[in-house]
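**Q** Structure: query_3.csv, CSV, C-alpha atoms and all ligand atoms.
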chain,number,residue,atom,x,y,z
O,1,MET,CA,0.0,0.0,0.0
O,2,LYS,CA,0.9,3.7,-0.3
O,3,ALA,CA,0.5,6.1,2.5
O,4,GLY,CA,1.4,9.7,3.0
O,5,PHE,CA,0.7,13.2,4.2
O,6,VAL,CA,-0.4,16.6,3.1
O,7,GLN,CA,1.6,19.6,4.6
O,8,PHE,CA,0.4,23.2,4.3
O,9,ALA,CA,-0.1,26.4,6.3
O,10,PRO,CA,-3.8,26.6,7.4
O,11,GLU,CA,-5.1,30.2,7.8
O,12,PHE,CA,-6.5,30.8,11.2
O,13,GLY,CA,-10.3,30.7,11.3
O,14,LYS,CA,-10.8,30.4,7.5
O,15,VAL,CA,-12.3,26.9,7.6
O,16,ASP,CA,-13.7,26.9,4.0
O,17,VAL,CA,-10.4,28.1,2.6
O,18,ASN,CA,-8.5,25.4,4.6
O,19,ILE,CA,-10.8,22.6,3.6
O,20,GLU,CA,-10.5,23.6,-0.1
O,21,LYS,CA,-6.7,23.7,0.2
O,22,ALA,CA,-6.5,20.4,1.8
O,23,LEU,CA,-8.9,18.8,-0.6
O,24,SER,CA,-7.0,20.1,-3.6
O,25,LEU,CA,-3.6,18.8,-2.2
O,26,MET,CA,-5.2,15.4,-1.5
O,27,GLU,CA,-6.5,15.2,-5.0
O,28,LYS,CA,-2.9,15.1,-6.2
O,29,ALA,CA,-1.8,12.4,-3.8
O,30,ASP,CA,-1.4,8.9,-5.2
O,31,ALA,CA,-2.0,7.1,-1.9
O,32,ASP,CA,-4.4,4.7,-0.1
O,33,LEU,CA,-4.1,6.6,3.2
O,34,ILE,CA,-3.5,10.3,3.7
O,35,VAL,CA,-2.8,12.1,6.9
O,36,LEU,CA,-3.6,15.8,7.4
O,37,PRO,CA,-2.1,18.1,10.1
O,38,GLU,CA,-3.6,18.8,13.6
O,39,PHE,CA,-6.4,21.4,13.4
O,40,PHE,CA,-6.0,21.5,9.6
O,41,ASN,CA,-9.3,23.3,9.1
O,42,THR,CA,-9.2,26.0,11.8
O,43,GLY,CA,-5.5,26.8,12.5
O,44,TYR,CA,-4.0,26.2,15.9
O,45,LEU,CA,-3.5,29.4,18.0
O,46,PHE,CA,-6.9,29.8,19.7
O,47,ILE,CA,-7.1,32.7,22.2
O,48,SER,CA,-10.2,31.8,24.1
O,49,ALA,CA,-12.5,28.8,24.8
O,50,GLN,CA,-15.3,30.8,23.2
O,51,GLU,CA,-13.2,31.1,20.0
O,52,ALA,CA,-12.4,27.4,20.0
O,53,SER,CA,-16.1,26.6,20.6
O,54,SER,CA,-17.1,28.8,17.7
O,55,LEU,CA,-14.8,26.9,15.3
O,56,ALA,CA,-15.3,23.4,16.7
O,57,GLU,CA,-17.5,20.9,14.9
O,58,GLU,CA,-19.5,17.9,15.7
O,59,ILE,CA,-18.1,14.7,14.3
O,60,PRO,CA,-19.2,13.4,11.8
O,61,SER,CA,-22.1,15.8,11.0
O,62,GLY,CA,-19.9,18.9,10.8
O,63,LYS,CA,-18.9,20.3,7.4
O,64,THR,CA,-15.2,19.3,7.7
O,65,SER,CA,-16.1,15.7,8.3
O,66,LEU,CA,-18.6,15.7,5.5
O,67,ALA,CA,-16.1,17.2,3.1
O,68,LEU,CA,-13.5,14.5,4.0
O,69,ILE,CA,-16.1,11.7,3.7
O,70,SER,CA,-17.1,12.9,0.3
O,71,LEU,CA,-13.4,13.0,-0.9
O,72,ALA,CA,-12.7,9.6,0.7
O,73,ARG,CA,-15.6,8.1,-1.1
O,74,LYS,CA,-14.7,9.6,-4.5
O,75,LYS,CA,-11.0,8.7,-4.3
O,76,LYS,CA,-11.6,5.4,-2.4
O,77,ILE,CA,-9.0,6.3,0.2
O,78,HIS,CA,-8.7,6.5,4.0
O,79,ILE,CA,-8.0,9.9,5.6
O,80,VAL,CA,-6.8,10.9,9.1
O,81,ALA,CA,-7.3,14.5,9.9
O,82,GLY,CA,-7.0,16.8,12.9
O,83,ILE,CA,-10.0,18.9,13.8
O,84,ALA,CA,-11.5,20.7,16.8
O,85,GLU,CA,-14.4,18.7,18.1
O,86,VAL,CA,-17.4,19.7,20.1
O,87,SER,CA,-19.4,16.9,21.8
O,88,ALA,CA,-22.0,17.3,24.6
O,89,GLY,CA,-20.8,20.9,25.1
O,90,LYS,CA,-17.1,19.8,25.6
O,91,LEU,CA,-14.2,20.6,23.3
O,92,TYR,CA,-11.6,18.2,22.2
O,93,ASN,CA,-8.5,18.3,20.0
O,94,SER,CA,-9.4,15.3,17.8
O,95,ALA,CA,-8.4,13.3,14.8
O,96,VAL,CA,-11.0,11.5,12.6
O,97,LEU,CA,-10.4,8.4,10.7
O,98,ILE,CA,-12.5,8.4,7.5
O,99,SER,CA,-12.9,5.4,5.1
O,100,PRO,CA,-14.5,5.3,1.6
O,101,SER,CA,-17.7,4.3,3.3
O,102,GLY,CA,-17.7,7.0,6.0
O,103,HIS,CA,-16.5,8.0,9.5
O,104,ILE,CA,-14.8,5.0,11.3
O,105,ALA,CA,-13.4,6.6,14.5
O,106,THR,CA,-12.4,9.6,16.4
O,107,TYR,CA,-9.3,9.9,18.6
O,108,ARG,CA,-9.2,12.7,21.2
O,109,LYS,CA,-5.7,14.0,22.1
O,110,ILE,CA,-4.7,12.6,25.4
O,111,HIS,CA,-1.6,14.8,26.2
O,112,LEU,CA,-2.6,18.4,25.7
O,113,PHE,CA,0.2,20.9,25.0
O,114,ASN,CA,0.5,24.4,26.6
O,115,GLU,CA,-2.7,26.6,26.4
O,116,GLU,CA,-4.6,23.7,24.8
O,117,LYS,CA,-5.2,22.8,28.4
O,118,LEU,CA,-7.2,26.1,28.8
O,119,TRP,CA,-9.6,25.4,25.9
O,120,PHE,CA,-9.8,21.6,25.5
O,121,GLN,CA,-10.6,18.6,27.5
O,122,PRO,CA,-8.0,15.8,27.5
O,123,GLY,CA,-9.0,12.7,25.6
O,124,ASP,CA,-11.1,10.3,27.6
O,125,GLN,CA,-11.1,7.2,25.4
O,126,GLY,CA,-7.5,5.9,25.3
O,127,PHE,CA,-5.6,4.6,22.2
O,128,ALA,CA,-7.2,2.3,19.7
O,129,VAL,CA,-6.2,0.4,16.6
O,130,TYR,CA,-8.3,0.0,13.5
O,131,ASP,CA,-8.0,-2.6,10.7
O,132,ILE,CA,-8.6,-0.8,7.5
O,133,GLY,CA,-7.9,-3.8,5.3
O,134,SER,CA,-4.6,-2.7,3.8
O,135,SER,CA,-3.1,-2.2,7.3
O,136,LYS,CA,-3.8,-1.6,11.0
O,137,ILE,CA,-3.6,1.9,12.0
O,138,GLY,CA,-3.6,4.0,15.2
O,139,MET,CA,-3.8,7.7,15.8
O,140,MET,CA,-1.9,10.1,18.1
O,141,ILE,CA,-1.8,13.9,17.9
O,142,CYS,CA,1.3,16.1,18.0
O,143,PHE,CA,2.6,16.4,21.6
O,144,ASP,CA,1.4,12.8,22.3
O,145,TRP,CA,4.8,11.8,20.7
O,146,TYR,CA,6.6,13.1,23.7
O,147,PHE,CA,5.1,10.3,25.8
O,148,PRO,CA,6.6,7.0,24.6
O,149,GLU,CA,3.6,5.2,26.0
O,150,SER,CA,1.4,6.5,23.2
O,151,ALA,CA,3.3,4.8,20.4
O,152,ARG,CA,4.0,1.8,22.6
O,153,ILE,CA,0.4,1.1,23.4
O,154,LEU,CA,-0.6,1.5,19.8
O,155,ALA,CA,2.2,-0.9,18.7
O,156,LEU,CA,1.2,-3.4,21.4
O,157,LYS,CA,-2.4,-3.2,20.1
O,158,GLY,CA,-1.1,-4.2,16.7
O,159,ALA,CA,-0.7,-0.9,14.8
O,160,ASP,CA,1.4,-1.1,11.6
O,161,ILE,CA,1.2,2.6,11.1
O,162,ILE,CA,0.7,5.5,13.5
O,163,CYS,CA,-1.0,8.4,11.8
O,164,HIS,CA,0.2,11.5,13.6
O,165,PRO,CA,-1.4,14.9,12.8
O,166,ALA,CA,0.8,17.6,14.2
O,167,ASN,CA,1.4,21.4,14.6
O,168,LEU,CA,4.9,21.1,15.9
O,169,VAL,CA,6.8,24.0,17.3
O,170,LEU,CA,9.7,22.3,19.0
O,171,PRO,CA,12.6,20.9,16.9
O,172,TYR,CA,12.8,17.4,18.3
O,173,CYS,CA,9.9,15.3,17.1
O,174,GLN,CA,11.0,14.4,13.5
O,175,ASP,CA,14.3,13.0,14.8
O,176,ALA,CA,12.6,11.3,17.8
O,177,MET,CA,10.3,9.5,15.5
O,178,ILE,CA,13.2,7.4,14.2
O,179,THR,CA,13.6,5.9,17.7
O,180,ARG,CA,9.8,5.6,18.2
O,181,CYS,CA,9.7,3.6,15.0
O,182,LEU,CA,12.7,1.5,15.8
O,183,GLU,CA,11.7,0.5,19.3
O,184,ASN,CA,8.2,-0.5,18.2
O,185,ARG,CA,9.0,-1.6,14.6
O,186,ILE,CA,6.2,0.5,13.2
O,187,TYR,CA,5.7,3.2,10.6
O,188,VAL,CA,4.8,6.7,11.7
O,189,ILE,CA,3.3,9.3,9.4
O,190,THR,CA,3.8,12.8,11.0
O,191,ALA,CA,1.7,15.3,9.0
O,192,ASN,CA,2.9,18.7,10.3
O,193,ARG,CA,1.9,22.2,9.3
O,194,THR,CA,4.1,25.1,8.2
O,195,GLY,CA,3.8,28.9,8.5
O,196,VAL,CA,3.6,31.4,11.3
O,197,GLU,CA,0.5,32.4,13.4
O,198,GLN,CA,0.5,35.7,15.2
O,199,ARG,CA,-2.5,36.2,17.5
O,200,ASP,CA,-3.0,38.3,20.7
O,201,GLY,CA,0.7,38.8,21.4
O,202,ARG,CA,1.6,35.3,20.7
O,203,LYS,CA,3.8,34.3,17.7
O,204,TRP,CA,4.3,30.7,16.8
O,205,ARG,CA,6.3,29.3,14.0
O,206,TYR,CA,5.5,25.7,12.9
O,207,THR,CA,8.4,23.5,11.8
O,208,GLY,CA,7.1,21.6,8.7
O,209,LYS,CA,9.3,18.7,7.8
O,210,SER,CA,6.4,16.3,7.8
O,211,GLN,CA,7.9,12.8,7.8
O,212,ILE,CA,7.2,9.1,7.0
O,213,THR,CA,9.5,7.0,9.2
O,214,SER,CA,9.9,3.2,8.8
O,215,PRO,CA,10.2,0.3,11.3
O,216,ASP,CA,13.9,0.0,10.4
O,217,ALA,CA,14.6,3.6,11.3
O,218,ARG,CA,14.7,5.0,7.8
O,219,ILE,CA,13.2,8.4,6.9
O,220,LEU,CA,11.2,7.4,3.8
O,221,TYR,CA,10.2,11.0,3.2
O,222,ARG,CA,10.9,14.3,4.8
O,223,ALA,CA,9.2,17.4,3.6
O,224,ASP,CA,10.9,20.8,3.7
O,225,GLU,CA,10.2,23.5,6.4
O,226,GLU,CA,8.1,25.9,4.5
O,227,ASN,CA,6.3,24.7,1.5
O,228,ASP,CA,3.0,23.0,0.8
O,229,GLU,CA,3.9,19.4,0.1
O,230,VAL,CA,2.4,16.0,-0.5
O,231,GLY,CA,4.6,13.1,0.6
O,232,VAL,CA,3.9,9.4,-0.2
O,233,ALA,CA,5.8,6.2,0.5
O,234,GLU,CA,5.4,2.5,-0.1
O,235,ILE,CA,4.4,0.7,3.2
O,236,ASN,CA,5.3,-2.9,3.8
O,237,VAL,CA,3.0,-4.0,6.6
O,238,GLN,CA,4.9,-7.3,7.0
O,239,LEU,CA,8.0,-5.4,8.1
O,240,ALA,CA,5.9,-3.7,10.8
O,241,ARG,CA,4.5,-7.1,11.9
O,242,ASN,CA,7.8,-8.8,12.4
O,243,LYS,CA,9.2,-7.8,15.8
O,244,ARG,CA,12.0,-10.3,15.6
O,245,LEU,CA,15.5,-8.8,15.6
O,246,ASN,CA,17.5,-12.1,15.4
O,247,LYS,CA,17.2,-15.7,16.4
O,248,TYR,CA,17.2,-14.9,20.1
O,249,ASN,CA,15.5,-11.5,20.3
O,250,ASP,CA,11.9,-10.5,19.7
O,251,LEU,CA,11.2,-6.9,20.7
O,252,PHE,CA,7.8,-7.6,22.2
O,253,ASP,CA,8.3,-11.1,23.6
O,254,ASP,CA,11.5,-10.0,25.3
O,255,ARG,CA,9.8,-7.3,27.4
O,256,ARG,CA,10.1,-8.0,31.1
O,257,VAL,CA,6.7,-6.6,32.1
O,258,GLU,CA,6.9,-8.1,35.6
O,259,LEU,CA,9.8,-5.7,36.2
O,260,TYR,CA,8.1,-2.7,34.7
O,261,GLN,CA,5.4,-2.2,37.4
O,262,ASP,CA,6.8,1.2,38.4
O,263,LEU,CA,5.8,2.5,35.1
O,264,VAL,CA,2.1,2.4,35.9
O,265,GLN,CA,2.3,4.0,39.4
O,301,LIG,C1,1.3,20.4,19.9
O,301,LIG,O1,1.0,19.4,20.5
O,301,LIG,N1,0.5,21.0,19.0
O,301,LIG,C2,2.7,21.0,20.0
Will you turn the file into structure tokens for me?
**A**
Amino acid sequence: MKAGFVQFAPEFGKVDVNIEKALSLMEKADADLIVLPEFFNTGYLFISAQEASSLAEEIPSGKTSLALISLARKKKIHIVAGIAEVSAGKLYNSAVLISPSGHIATYRKIHLFNEEKLWFQPGDQGFAVYDIGSSKIGMMICFDWYFPESARILALKGADIICHPANLVLPYCQDAMITRCLENRIYVITANRTGVEQRDGRKWRYTGKSQITSPDARILYRADEENDEVGVAEINVQLARNKRLNKYNDLFDDRRVELYQDLVQ
């Protein structure tokens, strides 16, 4: 199978413009699975809960989900995309998984970054893996990468590929993903955004360099820092399913969970 990302610079609050931009970039992608950035339709730098609420959408009845569902049906692809979700009056930083036949799942970001904690609720449903036929995929969002448990749990649940919508501002993630992939023998597709947002005295620059990283620690694709880009790579799920390093070592069987109890205190 082929999987990849779309990288661009969403314009804050211009949902229709951002949806159109993402759709037109996805139209060009020759891939079975495409990952879009975190908050791809709204932009990132909210300055109040009220503002986040005014831009958040219900999933899957909101216009962003509907636009993605329509494209997924037309192109017969799967899409993972980050959007602000409102559900029962609460706001979440979420990612949707959309198939050619509609919405499959929503992941709500578990580890909120910085002021996200002021506007959003932390995810309440854990990490899950979905069999989409060509592969098994899991989702995490941006800062979740900083917690190795996120990728580990998804890998232990059988993920071949972690779809990772992001709005990265720190310089570490892309390199750290090499280790995440190596220690779990999985693929990660980090779909980052580019550009600068300047709002209410804050100025954030996003790092681009969206990346597809392989189970054997290779960077299959790394985008540049600034430009719109569609990156696609061939995915070999058998590579992700083989956790064996040599005759004597298997990365998962060799874990000494009886000695890891301190991890869950
Ligand atoms: C982030 O979690 N958006 C840095």
**Q** Check which residues fall inside 12 Å of ligand LIG 301 (chain O) when counting all atoms listed in the file, and print them as a PyMOL selection string.
**A** chain O and resi 37-40+43-46+82-83+93-94+109-117+122+140-147+164-173+190-193+204-207
**Q** Do you know which residues lie at most 9 Å from (6.7, 3.6, 8.9), with coordinates as in the file and only C-alpha atoms counted, and could you write them as a PyMOL selection string?
**A** chain O and resi 160-162+181+185-189+212-220+233+235-237+240
**Q** What does the distance between CA of Ala22 in chain O and CA of Ser61 in chain O come to in Å, to one decimal place?
**A**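 Between CA of Ala22 in chain O and CA of Ser61 in chain O the gap is 18.7 Å.
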**Q** Within 6 Å of Pro100 in chain O, counting only C-alpha atoms, which residues qualify if same-chain residues fewer than 3 places away don't, as a PyMOL selection string?
**A** chain O and resi 72-73+76-77
**Q** So that I have them on file, write out the residues from the current selection with C-alpha atoms, as a compact mmCIF listing (two decimals), in the coordinates of the input.
**A**
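Generated file (out_23.txt):
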# COMPACT_ATOMS: atom_id res chain seq x y z
CA ALA O 72 -12.70 9.60 0.70
CA ARG O 73 -15.60 8.10 -1.10
CA LYS O 76 -11.60 5.40 -2.40
CA ILE O 77 -9.00 6.30 0.20
**Q** Measuring atom to atom with all atoms listed in the file, identify which of O:Gln238, O:Asn184, O:Ser87, O:Thr64 is nearest to Lys157 in chain O.
**A**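 The shortest atom-to-atom distance to Lys157 in chain O comes from O:Asn184.
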**Q** Need to verify the contact set: Ile69 in chain O, 10 Å, only C-alpha atoms, exclusion of same-chain residues closer than 2 positions in sequence. Can you return it as number ranges by chain?
**A** O: 60, 63-67, 71-79, 97-103
**Q** Can you work out which one of O:Leu154, O:Tyr130, O:Glu183, O:Met1 has the shortest atom-to-atom distance to Asp250 in chain O, counting only C-alpha atoms?
**A**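 Among the listed residues, the smallest separation from Asp250 in chain O belongs to O:Glu183.
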**Q** State, in Å with one decimal place, the distance from CA of Glu20 in chain O to CA of Val80 in chain O.
**A**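 Going from CA of Glu20 in chain O over to CA of Val80 in chain O, I get 16.1 Å.
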**Q** Neighbours of Ala3 in chain O within 6 Å (only C-alpha atoms; same-chain residues fewer than 4 positions away dropped), as JSON, numbers by chain?
**A** {"O": [31, 32, 33, 34, 232, 233]}
**Q** Measuring between all atoms listed in the file, which one of O:Ala88, O:Ala9, O:Val96, O:Ile59 shows the shortest distance to Glu226 in chain O?
**A**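 Of O:Ala88, O:Ala9, O:Val96, O:Ile59, the one nearest Glu226 in chain O is O:Ala9, counting all atoms listed in the file.
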**Q** Using all atoms listed in the file, which of the listed residues (O:Arg241, O:Lys209, O:Arg222, O:Arg180) sits closest to Lys136 in chain O?
**A**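 Once distances to Lys136 in chain O are computed over all atoms listed in the file, the minimum belongs to O:Arg241.
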**Q** Any idea what the distance is between CA of Ser150 in chain O and CA of Ile178 in chain O?
**A**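 CA of Ile178 in chain O lies at a distance of 14.9 Å from CA of Ser150 in chain O.
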**Q** Determine, counting only C-alpha atoms, which protein, DNA and RNA residues have an atom within 12 Å of an atom of Asp253 in chain O; residues of the same chain fewer than 5 positions away are not included. Present the result as a ChimeraX atom specification.
**A** /O:156,184,242-245,248
**Q** Measuring atom to atom with all atoms listed in the file, identify which of O:Ile137, O:Leu259, O:Thr106, O:Gly208 is nearest to Gly158 in chain O.
**A**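 Checking each of O:Ile137, O:Leu259, O:Thr106, O:Gly208 against Gly158 in chain O, counting all atoms listed in the file, the winner is O:Ile137.
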**Q** Return the single residue from O:Asn249, O:Pro148, O:Thr194, O:Tyr260 that is closest to Asn227 in chain O, with distances computed using all atoms listed in the file.
**A**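 Using all atoms listed in the file, the shortest distance to Asn227 in chain O belongs to O:Thr194.
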**Q** Do a neighbour search on Glu57 in chain O at 7 Å with all atoms listed in the file, toss out local chain neighbours closer than 4 positions, and write the hits as a list in words.
**A**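 Once the adjacent positions are removed, what remains is Gly62, Ala84, Glu85 and Val86 of chain O.
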**Q** Rebuild range 36-53 of chain O to N, CA and C atoms - output it as an mmCIF file, in the frame of the given file, please.
**A**
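Wrote selection24.cif, looks like this:
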data_model
loop_
_atom_site.group_PDB
_atom_site.id
_atom_site.type_symbol
_atom_site.label_atom_id
_atom_site.label_comp_id
_atom_site.auth_asym_id
_atom_site.auth_seq_id
_atom_site.Cartn_x
_atom_site.Cartn_y
_atom_site.Cartn_z
ATOM 1 N N LEU O 36 -3.592 14.355 7.402
ATOM 2 C CA LEU O 36 -3.600 15.800 7.400
ATOM 3 C C LEU O 36 -3.085 16.326 8.762
ATOM 4 N N PRO O 37 -2.639 17.580 8.845
ATOM 5 C CA PRO O 37 -2.100 18.100 10.100
ATOM 6 C C PRO O 37 -3.245 18.218 11.200
ATOM 7 N N GLU O 38 -2.779 18.434 12.422
ATOM 8 C CA GLU O 38 -3.600 18.800 13.600
ATOM 9 C C GLU O 38 -4.389 20.074 13.228
ATOM 10 N N PHE O 39 -5.643 20.190 13.624
ATOM 11 C CA PHE O 39 -6.400 21.400 13.400
ATOM 12 C C PHE O 39 -6.260 21.939 11.979
ATOM 13 N N PHE O 40 -6.294 21.040 11.000
ATOM 14 C CA PHE O 40 -6.000 21.500 9.600
ATOM 15 C C PHE O 40 -6.994 22.464 9.086
ATOM 16 N N ASN O 41 -8.203 22.427 9.621
ATOM 17 C CA ASN O 41 -9.300 23.300 9.100
ATOM 18 C C ASN O 41 -9.416 24.624 9.764
ATOM 19 N N THR O 42 -8.918 24.732 11.010
ATOM 20 C CA THR O 42 -9.200 26.000 11.800
ATOM 21 C C THR O 42 -7.908 26.795 12.035
ATOM 22 N N GLY O 43 -6.731 26.183 11.965
ATOM 23 C CA GLY O 43 -5.500 26.800 12.500
ATOM 24 C C GLY O 43 -5.435 26.409 13.989
ATOM 25 N N TYR O 44 -4.294 26.778 14.608
ATOM 26 C CA TYR O 44 -4.000 26.200 15.900
ATOM 27 C C TYR O 44 -4.172 27.231 17.086
ATOM 28 N N LEU O 45 -3.773 28.500 16.864
ATOM 29 C CA LEU O 45 -3.500 29.400 18.000
ATOM 30 C C LEU O 45 -4.806 30.067 18.512
ATOM 31 N N PHE O 46 -5.676 29.260 19.133
ATOM 32 C CA PHE O 46 -6.900 29.800 19.700
ATOM 33 C C PHE O 46 -6.535 30.733 20.866
ATOM 34 N N ILE O 47 -7.373 31.771 21.086
ATOM 35 C CA ILE O 47 -7.100 32.700 22.200
ATOM 36 C C ILE O 47 -8.169 32.681 23.267
ATOM 37 N N SER O 48 -9.203 31.890 23.069
ATOM 38 C CA SER O 48 -10.200 31.800 24.100
ATOM 39 C C SER O 48 -11.009 30.473 23.892
ATOM 40 N N ALA O 49 -11.644 30.020 24.953
ATOM 41 C CA ALA O 49 -12.500 28.800 24.800
ATOM 42 C C ALA O 49 -13.678 29.154 23.921
ATOM 43 N N GLN O 50 -14.137 30.398 24.006
ATOM 44 C CA GLN O 50 -15.300 30.800 23.200
ATOM 45 C C GLN O 50 -14.914 30.730 21.683
ATOM 46 N N GLU O 51 -13.689 31.180 21.371
ATOM 47 C CA GLU O 51 -13.200 31.100 20.000
ATOM 48 C C GLU O 51 -13.121 29.660 19.521
ATOM 49 N N ALA O 52 -12.514 28.829 20.374
ATOM 50 C CA ALA O 52 -12.400 27.400 20.000
ATOM 51 C C ALA O 52 -13.761 26.792 19.819
ATOM 52 N N SER O 53 -14.693 27.171 20.675
ATOM 53 C CA SER O 53 -16.100 26.600 20.600
ATOM 54 C C SER O 53 -16.726 27.052 19.278
#
